[in-house]
>>> print(open('work13.pdb').read())   # PDB, C-alpha atoms and all ligand atoms
ATOM      1  CA  MET A1212       0.000   0.000   0.000
ATOM      2  CA  LYS A1213       1.193   3.558  -0.793
ATOM      3  CA  ARG A1214       2.298   5.455   2.304
ATOM      4  CA  LEU A1215       1.997   9.174   3.001
ATOM      5  CA  ALA A1216       3.086  11.250   6.018
ATOM      6  CA  VAL A1217       1.782  14.618   7.174
ATOM      7  CA  LEU A1218       3.343  17.079   9.616
ATOM      8  CA  THR A1219       2.740  20.589  10.921
ATOM      9  CA  SER A1220       5.715  22.898  11.388
ATOM     10  CA  GLY A1221       6.595  26.381  12.663
ATOM     11  CA  GLY A1222       4.103  28.546  14.565
ATOM     12  CA  ASP A1223       0.757  26.803  15.042
ATOM     13  CA  ALA A1224      -2.144  28.348  13.139
ATOM     14  CA  PRO A1225      -5.927  27.938  13.536
ATOM     15  CA  GLY A1226      -7.051  25.574  10.770
ATOM     16  CA  MET A1227      -4.037  23.250  10.893
ATOM     17  CA  ASN A1228      -6.219  20.526  12.410
ATOM     18  CA  SER A1229      -8.733  20.897   9.572
ATOM     19  CA  ALA A1230      -5.857  20.420   7.143
ATOM     20  CA  ILE A1231      -4.546  17.284   8.896
ATOM     21  CA  ARG A1232      -8.061  15.831   8.987
ATOM     22  CA  ALA A1233      -8.566  16.483   5.279
ATOM     23  CA  ILE A1234      -5.155  15.048   4.344
ATOM     24  CA  VAL A1235      -5.949  11.883   6.325
ATOM     25  CA  ARG A1236      -9.455  11.337   4.987
ATOM     26  CA  LEU A1237      -8.714  12.310   1.390
ATOM     27  CA  GLY A1238      -5.440  10.377   1.513
ATOM     28  CA  VAL A1239      -7.266   7.253   2.714
ATOM     29  CA  ALA A1240      -9.862   7.741  -0.035
ATOM     30  CA  SER A1241      -6.998   7.857  -2.569
ATOM     31  CA  GLY A1242      -5.634   4.529  -1.333
ATOM     32  CA  PHE A1243      -2.877   5.772   1.003
ATOM     33  CA  GLU A1244      -1.934   4.510   4.411
ATOM     34  CA  VAL A1245      -1.444   7.803   6.274
ATOM     35  CA  PHE A1246       1.017   8.587   9.077
ATOM     36  CA  GLY A1247       1.153  11.697  11.233
ATOM     37  CA  VAL A1248       4.545  12.993  12.322
ATOM     38  CA  ARG A1249       4.538  14.348  15.876
ATOM     39  CA  HIS A1250       6.233  17.675  16.671
ATOM     40  CA  GLY A1251       7.083  18.795  13.140
ATOM     41  CA  TYR A1252      10.517  18.270  11.634
ATOM     42  CA  THR A1253      11.944  17.451  15.072
ATOM     43  CA  GLY A1254       9.672  14.401  15.143
ATOM     44  CA  LEU A1255      10.551  13.550  11.555
ATOM     45  CA  ILE A1256      14.254  13.493  12.395
ATOM     46  CA  ALA A1257      13.503  11.390  15.495
ATOM     47  CA  GLY A1258      11.160   9.025  13.591
ATOM     48  CA  ASP A1259       8.140   9.918  15.743
ATOM     49  CA  PHE A1260       5.319   8.588  13.525
ATOM     50  CA  VAL A1261       1.740   7.731  14.417
ATOM     51  CA  SER A1262      -0.657   5.826  12.173
ATOM     52  CA  LEU A1263      -3.728   7.964  11.353
ATOM     53  CA  GLY A1264      -7.031   6.587  10.148
ATOM     54  CA  SER A1265     -10.259   8.468   9.500
ATOM     55  CA  ARG A1266     -11.546   7.923  13.072
ATOM     56  CA  HIS A1267      -8.366   9.412  14.599
ATOM     57  CA  VAL A1268      -9.162  12.813  13.121
ATOM     58  CA  GLY A1269     -12.750  13.125  14.331
ATOM     59  CA  GLY A1270     -13.537  16.149  16.526
ATOM     60  CA  VAL A1271     -10.329  18.006  15.709
ATOM     61  CA  MET A1272     -11.580  20.530  13.166
ATOM     62  CA  GLU A1273     -13.040  22.994  15.667
ATOM     63  CA  ARG A1274      -9.858  23.081  17.753
ATOM     64  CA  GLY A1275      -7.137  25.677  17.257
ATOM     65  CA  GLY A1276      -3.472  24.677  17.264
ATOM     66  CA  THR A1277      -2.292  21.335  15.893
ATOM     67  CA  PHE A1278      -2.974  18.036  17.631
ATOM     68  CA  LEU A1279       0.190  16.599  16.034
ATOM     69  CA  GLY A1280       2.333  19.257  17.710
ATOM     70  CA  THR A1281       4.840  21.548  16.044
ATOM     71  CA  THR A1282       8.361  22.902  16.523
ATOM     72  CA  ARG A1283      10.800  25.332  15.002
ATOM     73  CA  CYS A1284      13.521  22.862  14.017
ATOM     74  CA  LEU A1285      16.922  24.272  13.083
ATOM     75  CA  ASP A1286      18.371  20.763  12.644
ATOM     76  CA  LEU A1287      16.382  20.300   9.448
ATOM     77  CA  MET A1288      18.431  23.042   7.838
ATOM     78  CA  THR A1289      21.595  20.920   8.247
ATOM     79  CA  GLU A1290      22.678  18.202   5.838
ATOM     80  CA  ALA A1291      22.794  15.656   8.652
ATOM     81  CA  GLY A1292      19.256  16.541   9.765
ATOM     82  CA  GLN A1293      17.886  16.224   6.245
ATOM     83  CA  GLU A1294      19.602  12.852   5.701
ATOM     84  CA  GLN A1295      18.218  11.600   9.010
ATOM     85  CA  ALA A1296      14.695  12.761   8.094
ATOM     86  CA  LEU A1297      14.840  11.065   4.680
ATOM     87  CA  GLY A1298      16.160   7.878   6.301
ATOM     88  CA  ARG A1299      13.243   7.799   8.760
ATOM     89  CA  LEU A1300      10.755   8.042   5.892
ATOM     90  CA  ARG A1301      12.586   5.335   3.904
ATOM     91  CA  ASP A1302      12.622   3.010   6.932
ATOM     92  CA  ARG A1303       8.836   3.300   7.149
ATOM     93  CA  GLY A1304       8.317   2.863   3.424
ATOM     94  CA  ILE A1305       6.793   6.360   3.210
ATOM     95  CA  HIS A1306       7.140   7.901  -0.241
ATOM     96  CA  ASP A1307       5.224  11.180   0.079
ATOM     97  CA  LEU A1308       5.230  13.977   2.677
ATOM     98  CA  VAL A1309       2.788  16.855   3.219
ATOM     99  CA  VAL A1310       4.179  19.826   5.171
ATOM    100  CA  ILE A1311       1.590  22.198   6.643
ATOM    101  CA  GLY A1312       3.367  25.413   7.638
ATOM    102  CA  GLY A1313       4.714  28.840   6.806
ATOM    103  CA  GLY A1314       7.792  30.268   5.098
ATOM    104  CA  GLY A1315      10.517  28.678   7.225
ATOM    105  CA  SER A1316       8.773  25.310   7.092
ATOM    106  CA  GLN A1317       8.465  25.456   3.309
ATOM    107  CA  SER A1318      12.181  26.229   3.027
ATOM    108  CA  GLY A1319      12.583  22.885   4.835
ATOM    109  CA  SER A1320      10.218  21.232   2.318
ATOM    110  CA  HIS A1321      12.273  22.690  -0.500
ATOM    111  CA  ALA A1322      15.493  21.328   0.987
ATOM    112  CA  LEU A1323      13.957  17.835   1.248
ATOM    113  CA  SER A1324      12.531  18.083  -2.259
ATOM    114  CA  CYS A1325      15.993  18.989  -3.606
ATOM    115  CA  ARG A1326      17.211  15.726  -2.065
ATOM    116  CA  GLY A1327      14.644  13.785  -4.080
ATOM    117  CA  LEU A1328      11.707  13.498  -1.653
ATOM    118  CA  SER A1329       8.162  13.748  -2.988
ATOM    119  CA  VAL A1330       6.873  16.638  -0.861
ATOM    120  CA  VAL A1331       3.950  19.054  -1.102
ATOM    121  CA  GLY A1332       3.625  22.159   1.074
ATOM    122  CA  VAL A1333       0.322  23.538   2.376
ATOM    123  CA  ALA A1334       0.463  27.300   3.066
ATOM    124  CA  SER A1335      -0.300  27.884   6.744
ATOM    125  CA  THR A1336       0.804  30.756   8.962
ATOM    126  CA  ILE A1337      -1.021  33.549  10.761
ATOM    127  CA  ASP A1338       1.507  35.992   9.229
ATOM    128  CA  ASN A1339       0.186  35.510   5.656
ATOM    129  CA  ASP A1340       3.617  36.327   4.277
ATOM    130  CA  ILE A1341       4.301  33.380   1.928
ATOM    131  CA  VAL A1342       4.690  33.732  -1.808
ATOM    132  CA  GLY A1343       2.325  31.300  -3.583
ATOM    133  CA  SER A1344      -0.858  32.010  -1.625
ATOM    134  CA  ASP A1345      -2.861  35.229  -1.326
ATOM    135  CA  LEU A1346      -4.179  33.909   1.967
ATOM    136  CA  THR A1347      -2.648  31.356   4.343
ATOM    137  CA  ILE A1348      -4.430  29.068   6.797
ATOM    138  CA  GLY A1349      -4.780  30.788  10.188
ATOM    139  CA  ALA A1350      -4.470  34.442   9.203
ATOM    140  CA  THR A1351      -8.208  35.180   9.145
ATOM    141  CA  THR A1352      -8.887  33.673  12.565
ATOM    142  CA  ALA A1353      -5.857  35.471  14.049
ATOM    143  CA  ILE A1354      -7.235  38.755  12.686
ATOM    144  CA  ASP A1355     -10.676  38.011  14.166
ATOM    145  CA  VAL A1356      -9.144  37.290  17.577
ATOM    146  CA  ALA A1357      -7.162  40.535  17.486
ATOM    147  CA  LEU A1358     -10.232  42.478  16.334
ATOM    148  CA  GLU A1359     -12.236  41.315  19.300
ATOM    149  CA  SER A1360      -9.504  42.606  21.614
ATOM    150  CA  VAL A1361      -9.168  45.957  19.826
ATOM    151  CA  ASP A1362     -12.951  46.461  19.908
ATOM    152  CA  ARG A1363     -12.799  46.019  23.683
ATOM    153  CA  LEU A1364      -9.777  48.264  24.080
ATOM    154  CA  ARG A1365     -11.611  51.002  22.188
ATOM    155  CA  VAL A1366     -14.320  51.012  24.859
ATOM    156  CA  THR A1367     -11.906  51.738  27.692
ATOM    157  CA  ALA A1368      -9.729  54.029  25.525
ATOM    158  CA  ALA A1369     -12.763  56.207  24.774
ATOM    159  CA  SER A1370     -13.843  56.343  28.431
ATOM    160  CA  HIS A1371     -10.407  57.621  29.476
ATOM    161  CA  ARG A1372      -9.581  59.621  26.326
ATOM    162  CA  ARG A1373      -6.422  57.510  26.105
ATOM    163  CA  VAL A1374      -3.917  56.516  23.471
ATOM    164  CA  PHE A1375      -3.564  52.742  23.150
ATOM    165  CA  LEU A1376      -0.619  51.109  21.422
ATOM    166  CA  VAL A1377      -1.818  47.634  20.456
ATOM    167  CA  GLU A1378       0.914  45.340  19.193
ATOM    168  CA  VAL A1379       0.017  42.471  16.884
ATOM    169  CA  MET A1380       2.162  39.625  15.562
ATOM    170  CA  GLY A1381       3.274  39.090  11.981
ATOM    171  CA  ARG A1382       7.045  38.890  12.299
ATOM    172  CA  ASP A1383       8.453  41.326   9.679
ATOM    173  CA  CYS A1384       5.233  41.449   7.671
ATOM    174  CA  GLY A1385       2.526  44.089   8.251
ATOM    175  CA  TYR A1386      -0.409  42.067   6.891
ATOM    176  CA  LEU A1387      -1.954  41.327  10.309
ATOM    177  CA  ALA A1388      -1.449  44.897  11.558
ATOM    178  CA  ALA A1389      -2.875  46.453   8.383
ATOM    179  CA  ASN A1390      -5.965  44.243   8.401
ATOM    180  CA  VAL A1391      -6.563  44.477  12.143
ATOM    181  CA  GLY A1392      -6.025  48.232  11.985
ATOM    182  CA  ILE A1393      -8.371  48.855   9.075
ATOM    183  CA  ALA A1394     -11.104  46.496  10.258
ATOM    184  CA  SER A1395     -11.035  47.918  13.798
ATOM    185  CA  GLY A1396     -11.011  51.527  12.602
ATOM    186  CA  ALA A1397      -7.611  52.280  14.166
ATOM    187  CA  GLU A1398      -6.565  55.921  14.138
ATOM    188  CA  VAL A1399      -2.954  54.981  13.269
ATOM    189  CA  ILE A1400      -1.343  51.834  11.821
ATOM    190  CA  VAL A1401       2.393  51.158  12.007
ATOM    191  CA  VAL A1402       3.902  48.441   9.778
ATOM    192  CA  PRO A1403       7.467  47.360   8.945
ATOM    193  CA  GLU A1404       6.936  47.979   5.225
ATOM    194  CA  SER A1405       6.479  51.712   5.762
ATOM    195  CA  PRO A1406       8.991  52.872   8.395
ATOM    196  CA  VAL A1407       7.997  56.088  10.205
ATOM    197  CA  GLU A1408       9.580  58.152  12.937
ATOM    198  CA  PRO A1409       7.873  58.344  16.355
ATOM    199  CA  GLU A1410       7.370  62.101  15.907
ATOM    200  CA  SER A1411       5.285  61.509  12.808
ATOM    201  CA  ILE A1412       3.182  58.902  14.671
ATOM    202  CA  ALA A1413       2.750  61.398  17.523
ATOM    203  CA  MET A1414       1.545  64.018  15.019
ATOM    204  CA  ASP A1415      -1.025  61.553  13.609
ATOM    205  CA  ILE A1416      -2.270  60.826  17.129
ATOM    206  CA  HIS A1417      -2.566  64.533  17.956
ATOM    207  CA  ALA A1418      -4.358  65.120  14.666
ATOM    208  CA  ALA A1419      -6.921  62.452  15.586
ATOM    209  CA  TYR A1420      -7.751  64.300  18.841
ATOM    210  CA  GLU A1421      -7.868  67.595  16.955
ATOM    211  CA  ARG A1422     -10.459  66.087  14.596
ATOM    212  CA  GLY A1423     -12.626  65.542  17.654
ATOM    213  CA  LYS A1424     -11.834  61.905  18.475
ATOM    214  CA  SER A1425     -12.009  60.897  22.137
ATOM    215  CA  HIS A1426      -9.127  58.401  21.908
ATOM    216  CA  ALA A1427      -6.494  57.052  19.527
ATOM    217  CA  ILE A1428      -6.005  53.364  18.820
ATOM    218  CA  THR A1429      -2.621  52.739  17.237
ATOM    219  CA  VAL A1430      -2.125  49.220  15.871
ATOM    220  CA  VAL A1431       1.578  48.422  15.709
ATOM    221  CA  ALA A1432       3.160  45.424  13.959
ATOM    222  CA  GLU A1433       5.687  43.620  16.143
ATOM    223  CA  GLY A1434       8.234  43.828  13.322
ATOM    224  CA  ALA A1435       7.967  47.604  12.841
ATOM    225  CA  ARG A1436      11.168  49.597  13.398
ATOM    226  CA  TYR A1437       9.427  51.143  16.393
ATOM    227  CA  ASN A1438       7.344  48.363  17.948
ATOM    228  CA  ALA A1439       4.872  49.141  20.758
ATOM    229  CA  GLU A1440       7.512  49.044  23.493
ATOM    230  CA  ALA A1441       9.962  51.272  21.616
ATOM    231  CA  LEU A1442       7.194  53.728  20.748
ATOM    232  CA  ALA A1443       5.897  53.799  24.320
ATOM    233  CA  ASP A1444       9.412  54.416  25.558
ATOM    234  CA  TYR A1445       9.795  57.376  23.171
ATOM    235  CA  PHE A1446       6.379  58.812  24.065
ATOM    236  CA  ARG A1447       7.108  58.491  27.803
ATOM    237  CA  ARG A1448      10.453  60.237  27.456
ATOM    238  CA  HIS A1449       8.646  63.102  25.707
ATOM    239  CA  GLN A1450       5.535  62.923  27.893
ATOM    240  CA  ALA A1451       5.743  66.555  29.069
ATOM    241  CA  ARG A1452       5.670  67.841  25.488
ATOM    242  CA  LEU A1453       3.322  65.248  23.942
ATOM    243  CA  GLY A1454       0.932  64.967  26.877
ATOM    244  CA  PHE A1455      -0.407  61.518  25.964
ATOM    245  CA  ASP A1456      -2.217  59.413  28.532
ATOM    246  CA  LEU A1457      -0.855  56.177  27.127
ATOM    247  CA  ARG A1458      -1.359  52.437  27.630
ATOM    248  CA  VAL A1459       0.264  49.498  25.830
ATOM    249  CA  CYS A1460      -1.338  46.154  25.040
ATOM    250  CA  LYS A1461       0.733  43.445  23.383
ATOM    251  CA  LEU A1462      -1.656  40.787  22.082
ATOM    252  CA  GLY A1463       1.120  38.252  21.444
ATOM    253  CA  HIS A1464       0.300  34.547  21.275
ATOM    254  CA  VAL A1465      -3.368  35.127  22.162
ATOM    255  CA  GLN A1466      -3.792  35.718  18.422
ATOM    256  CA  ARG A1467      -2.721  32.169  17.597
ATOM    257  CA  GLY A1468      -5.066  30.384  20.001
ATOM    258  CA  GLY A1469      -8.489  30.948  18.444
ATOM    259  CA  ALA A1470     -10.873  28.266  17.188
ATOM    260  CA  PRO A1471     -10.663  28.392  13.378
ATOM    261  CA  GLY A1472     -13.447  30.246  11.570
ATOM    262  CA  VAL A1473     -15.086  29.081   8.371
ATOM    263  CA  VAL A1474     -12.581  30.805   6.065
ATOM    264  CA  ASP A1475      -9.639  28.987   7.634
ATOM    265  CA  ARG A1476     -11.434  25.631   7.805
ATOM    266  CA  MET A1477     -12.493  25.804   4.157
ATOM    267  CA  LEU A1478      -9.096  27.058   2.989
ATOM    268  CA  ALA A1479      -7.444  24.190   4.878
ATOM    269  CA  ILE A1480      -9.779  21.666   3.267
ATOM    270  CA  ARG A1481      -9.380  23.050  -0.259
ATOM    271  CA  LEU A1482      -5.577  23.253  -0.010
ATOM    272  CA  SER A1483      -5.375  19.745   1.454
ATOM    273  CA  ALA A1484      -7.534  18.353  -1.359
ATOM    274  CA  ALA A1485      -5.156  20.027  -3.826
ATOM    275  CA  ALA A1486      -2.138  18.564  -2.019
ATOM    276  CA  ILE A1487      -3.523  15.016  -2.336
ATOM    277  CA  ALA A1488      -4.391  15.668  -5.996
ATOM    278  CA  GLN A1489      -0.827  16.858  -6.671
ATOM    279  CA  ILE A1490       0.615  13.753  -5.036
ATOM    280  CA  ASP A1491      -1.792  11.500  -6.963
ATOM    281  CA  ALA A1492      -0.679  13.180 -10.190
ATOM    282  CA  GLY A1493       3.016  12.867  -9.279
ATOM    283  CA  HIS A1494       3.443  16.679  -9.281
ATOM    284  CA  THR A1495       5.465  17.315  -6.151
ATOM    285  CA  GLY A1496       8.069  19.834  -5.004
ATOM    286  CA  VAL A1497       5.265  22.406  -4.902
ATOM    287  CA  LEU A1498       3.336  24.557  -2.447
ATOM    288  CA  VAL A1499      -0.447  24.606  -2.783
ATOM    289  CA  GLY A1500      -2.053  27.977  -2.170
ATOM    290  CA  SER A1501      -4.973  30.184  -3.114
ATOM    291  CA  VAL A1502      -4.220  32.812  -5.775
ATOM    292  CA  GLU A1503      -6.963  35.116  -7.079
ATOM    293  CA  GLY A1504      -9.625  32.710  -5.831
ATOM    294  CA  LYS A1505      -8.121  29.646  -7.507
ATOM    295  CA  ILE A1506      -6.110  26.859  -5.908
ATOM    296  CA  VAL A1507      -2.692  26.739  -7.549
ATOM    297  CA  ALA A1508       0.590  24.871  -7.111
ATOM    298  CA  THR A1509       3.811  26.926  -7.083
ATOM    299  CA  PRO A1510       7.265  25.284  -7.242
ATOM    300  CA  LEU A1511       8.866  25.316  -3.788
ATOM    301  CA  ALA A1512      11.969  26.811  -5.417
ATOM    302  CA  GLU A1513       9.910  29.983  -6.045
ATOM    303  CA  VAL A1514       8.558  30.017  -2.485
ATOM    304  CA  ALA A1515      11.608  29.256  -0.336
ATOM    305  CA  GLY A1516      13.313  32.292   1.161
ATOM    306  CA  ARG A1517      10.875  34.808  -0.377
ATOM    307  CA  LYS A1518       8.292  37.071   1.241
ATOM    308  CA  LYS A1519       5.003  38.345  -0.135
ATOM    309  CA  ARG A1520       4.671  42.151  -0.427
ATOM    310  CA  LEU A1521       2.032  44.010   1.536
ATOM    311  CA  ASP A1522      -0.446  45.741  -0.783
ATOM    312  CA  PRO A1523       0.480  49.484  -0.457
ATOM    313  CA  GLU A1524      -3.111  50.425  -1.361
ATOM    314  CA  LEU A1525      -4.226  49.037   2.014
ATOM    315  CA  LEU A1526      -2.173  51.640   3.878
ATOM    316  CA  LYS A1527      -3.486  54.494   1.726
ATOM    317  CA  LEU A1528      -7.011  53.299   2.370
ATOM    318  CA  ALA A1529      -6.336  53.108   6.115
ATOM    319  CA  ARG A1530      -5.258  56.761   6.290
ATOM    320  CA  VAL A1531      -8.402  57.998   4.599
ATOM    321  CA  LEU A1532     -10.699  55.761   6.634
ATOM    322  CA  ALA A1533      -9.117  56.957   9.897
ATOM    323  CA  GLN A1534     -10.262  60.547   9.183
TER     324      GLN A1534
HETATM  325  O1  LIG A1601       5.093  33.010  12.436
HETATM  326  C1  LIG A1601       4.003  33.072  13.310
HETATM  327  C2  LIG A1601       4.368  33.854  14.533
HETATM  328  O2  LIG A1601       3.242  33.885  15.396
HETATM  329  C3  LIG A1601       4.890  35.281  14.291
HETATM  330  O3  LIG A1601       3.854  36.197  14.043
HETATM  331  C4  LIG A1601       5.639  35.544  15.558
HETATM  332  O4  LIG A1601       6.652  36.516  15.372
HETATM  333  C5  LIG A1601       6.255  34.216  15.861
HETATM  334  O5  LIG A1601       5.433  33.237  15.225
HETATM  335  C6  LIG A1601       6.374  33.862  17.319
HETATM  336  O6  LIG A1601       7.050  32.647  17.400
HETATM  337  P1  LIG A1601       7.095  31.738  18.687
HETATM  338  O7  LIG A1601       5.748  31.117  18.880
HETATM  339  O8  LIG A1601       8.133  30.725  18.352
HETATM  340  O9  LIG A1601       7.443  32.626  19.833
END
>>> encode(input="work13.pdb", output="structure tokens")
Amino acid sequence: MKRLAVLTSGGDAPGMNSAIRAIVRLGVASGFEVFGVRHGYTGLIAGDFVSLGSRHVGGVMERGGTFLGTTRCLDLMTEAGQEQALGRLRDRGIHDLVVIGGGGSQSGSHALSCRGLSVVGVASTIDNDIVGSDLTIGATTAIDVALESVDRLRVTAASHRRVFLVEVMGRDCGYLAANVGIASGAEVIVVPESPVEPESIAMDIHAAYERGKSHAITVVAEGARYNAEALADYFRRHQARLGFDLRVCKLGHVQRGGAPGVVDRMLAIRLSAAAIAQIDAGHTGVLVGSVEGKIVATPLAEVAGRKKRLDPELLKLARVLAQ
């Protein structure tokens, strides 16, 4: 019987469980015996496999995170680690591997593919920064979780006429911050792609009060040159002149822990179906993603080590909407 393994890697993302479930059930339907790899590439190198049948993946879809576990595994980027991983798959008679994860994880897939493994990547990260998919599994739910928090912060910010610096994740990509900022009606959005000085942010905040606003929500990407802490530090040092009553809220990993919404569940299912179809057709060494509403496969060589650009129109739109 043909054998297939699936693993999740890198930061967990809501919807990963939906993807594992779909890979297992669609894989079984295509005649595969399916194995899960525990704890990402670390488990692959250690040979930590678990047999997965359709009943093992019941009741997982509504849960955030990944029931297989995940790691950030530097060993996979070494020759020895890759050889060990390939050996573990060979020992089990596993010919195909599905890697559910973000940019770093797909660089790992690419490395394994270059060594001759049949591997398909499924685009999944809350950061939504991978080339090869307009949207990645987990990003929408992470935005929804952050939105709920910002909506609540706005209530207390308005009561106290305060400035809130709300930091969201996204590594060095501003996609989460831009979307959270626009959809929450933030007065100011700070992203890594458009570096600004603290003085200019302070002017935007003042301008919001001058326009009659009772508060100023500033959504800051963690990867911005001035993240929330650095900005707060600057504003506090200039408190006498700026006069802000300021609070900081770093949302951090809370954003990753939500139960996946319908967009992430359906994206996970559609990408997983495409991954099985690619394997069935013998087209591997690719990442499956959603581009302009269609599911497409992009060679991993074009994905590895590259980052998707943030749409600059989003930031222009944000400035007008904040008026
Ligand atoms: O890549 C997803 C992500 O949540 C980033 O937004 C964030 O910078 C990073 O992972 C945090 O990583 P860790 O969970 O390893 O602290």
>>> residues_near_point(input="work13.pdb", point="(16.7, 23.5, -8.4)", cutoff="10 Å", atoms="only C-alpha atoms", output="JSON, numbers by chain")
{"A": [1321, 1322, 1324, 1325, 1496, 1510, 1511, 1512, 1513]}
>>> resolve_selection(input="work13.pdb", expression="the PyMOL selection byres (((not hetatm)) within 9 of (chain A and resi 1601))", output="NGL selection string")
:A and (1221-1224 or 1282-1283 or 1313-1315 or 1336-1340 or 1379-1384 or 1387 or 1433-1434 or 1463-1464 or 1466-1467)
>>> residues_near_point(input="work13.pdb", point="(-11.8, 59.9, 30.1)", cutoff="12 Å", atoms="all atoms listed in the file", output="PyMOL selection string")
chain A and resi 1365-1374+1424-1426+1456-1457
>>> write_last_selection(input="work13.pdb", atoms="C-alpha atoms", output="PDB file, in the coordinates of the input")
ATOM      1  CA  ARG A1365     -11.611  51.002  22.188  1.00  0.00           C
ATOM      2  CA  VAL A1366     -14.320  51.012  24.859  1.00  0.00           C
ATOM      3  CA  THR A1367     -11.906  51.738  27.692  1.00  0.00           C
ATOM      4  CA  ALA A1368      -9.729  54.029  25.525  1.00  0.00           C
ATOM      5  CA  ALA A1369     -12.763  56.207  24.774  1.00  0.00           C
ATOM      6  CA  SER A1370     -13.843  56.343  28.431  1.00  0.00           C
ATOM      7  CA  HIS A1371     -10.407  57.621  29.476  1.00  0.00           C
ATOM      8  CA  ARG A1372      -9.581  59.621  26.326  1.00  0.00           C
ATOM      9  CA  ARG A1373      -6.422  57.510  26.105  1.00  0.00           C
ATOM     10  CA  VAL A1374      -3.917  56.516  23.471  1.00  0.00           C
ATOM     11  CA  LYS A1424     -11.834  61.905  18.475  1.00  0.00           C
ATOM     12  CA  SER A1425     -12.009  60.897  22.137  1.00  0.00           C
ATOM     13  CA  HIS A1426      -9.127  58.401  21.908  1.00  0.00           C
ATOM     14  CA  ASP A1456      -2.217  59.413  28.532  1.00  0.00           C
ATOM     15  CA  LEU A1457      -0.855  56.177  27.127  1.00  0.00           C
TER      16      LEU A1457
END
>>> closest_residue(input="work13.pdb", among="A:Leu1482, A:Cys1460, A:Ile1256, A:His1250", to="Ala1291 (chain A)", atoms="only C-alpha atoms")
A:Ile1256
>>> resolve_selection(input="work13.pdb", expression="the PyMOL selection byres (((chain A and resi 1357) around 12) and not hetatm)", output="PyMOL selection string")
chain A and resi 1337+1350-1356+1358-1364+1377-1381+1387-1395+1430-1432+1460-1469
>>> write_last_selection(input="work13.pdb", atoms="C-alpha atoms", output="tab-separated table (two decimals), keeping the file's coordinate frame")
chain	number	residue	atom	x	y	z
A	1337	ILE	CA	-1.02	33.55	10.76
A	1350	ALA	CA	-4.47	34.44	9.20
A	1351	THR	CA	-8.21	35.18	9.14
A	1352	THR	CA	-8.89	33.67	12.56
A	1353	ALA	CA	-5.86	35.47	14.05
A	1354	ILE	CA	-7.24	38.76	12.69
A	1355	ASP	CA	-10.68	38.01	14.17
A	1356	VAL	CA	-9.14	37.29	17.58
A	1358	LEU	CA	-10.23	42.48	16.33
A	1359	GLU	CA	-12.24	41.32	19.30
A	1360	SER	CA	-9.50	42.61	21.61
A	1361	VAL	CA	-9.17	45.96	19.83
A	1362	ASP	CA	-12.95	46.46	19.91
A	1363	ARG	CA	-12.80	46.02	23.68
A	1364	LEU	CA	-9.78	48.26	24.08
A	1377	VAL	CA	-1.82	47.63	20.46
A	1378	GLU	CA	0.91	45.34	19.19
A	1379	VAL	CA	0.02	42.47	16.88
A	1380	MET	CA	2.16	39.62	15.56
A	1381	GLY	CA	3.27	39.09	11.98
A	1387	LEU	CA	-1.95	41.33	10.31
A	1388	ALA	CA	-1.45	44.90	11.56
A	1389	ALA	CA	-2.88	46.45	8.38
A	1390	ASN	CA	-5.96	44.24	8.40
A	1391	VAL	CA	-6.56	44.48	12.14
A	1392	GLY	CA	-6.02	48.23	11.98
A	1393	ILE	CA	-8.37	48.86	9.07
A	1394	ALA	CA	-11.10	46.50	10.26
A	1395	SER	CA	-11.04	47.92	13.80
A	1430	VAL	CA	-2.12	49.22	15.87
A	1431	VAL	CA	1.58	48.42	15.71
A	1432	ALA	CA	3.16	45.42	13.96
A	1460	CYS	CA	-1.34	46.15	25.04
A	1461	LYS	CA	0.73	43.44	23.38
A	1462	LEU	CA	-1.66	40.79	22.08
A	1463	GLY	CA	1.12	38.25	21.44
A	1464	HIS	CA	0.30	34.55	21.28
A	1465	VAL	CA	-3.37	35.13	22.16
A	1466	GLN	CA	-3.79	35.72	18.42
A	1467	ARG	CA	-2.72	32.17	17.60
A	1468	GLY	CA	-5.07	30.38	20.00
A	1469	GLY	CA	-8.49	30.95	18.44
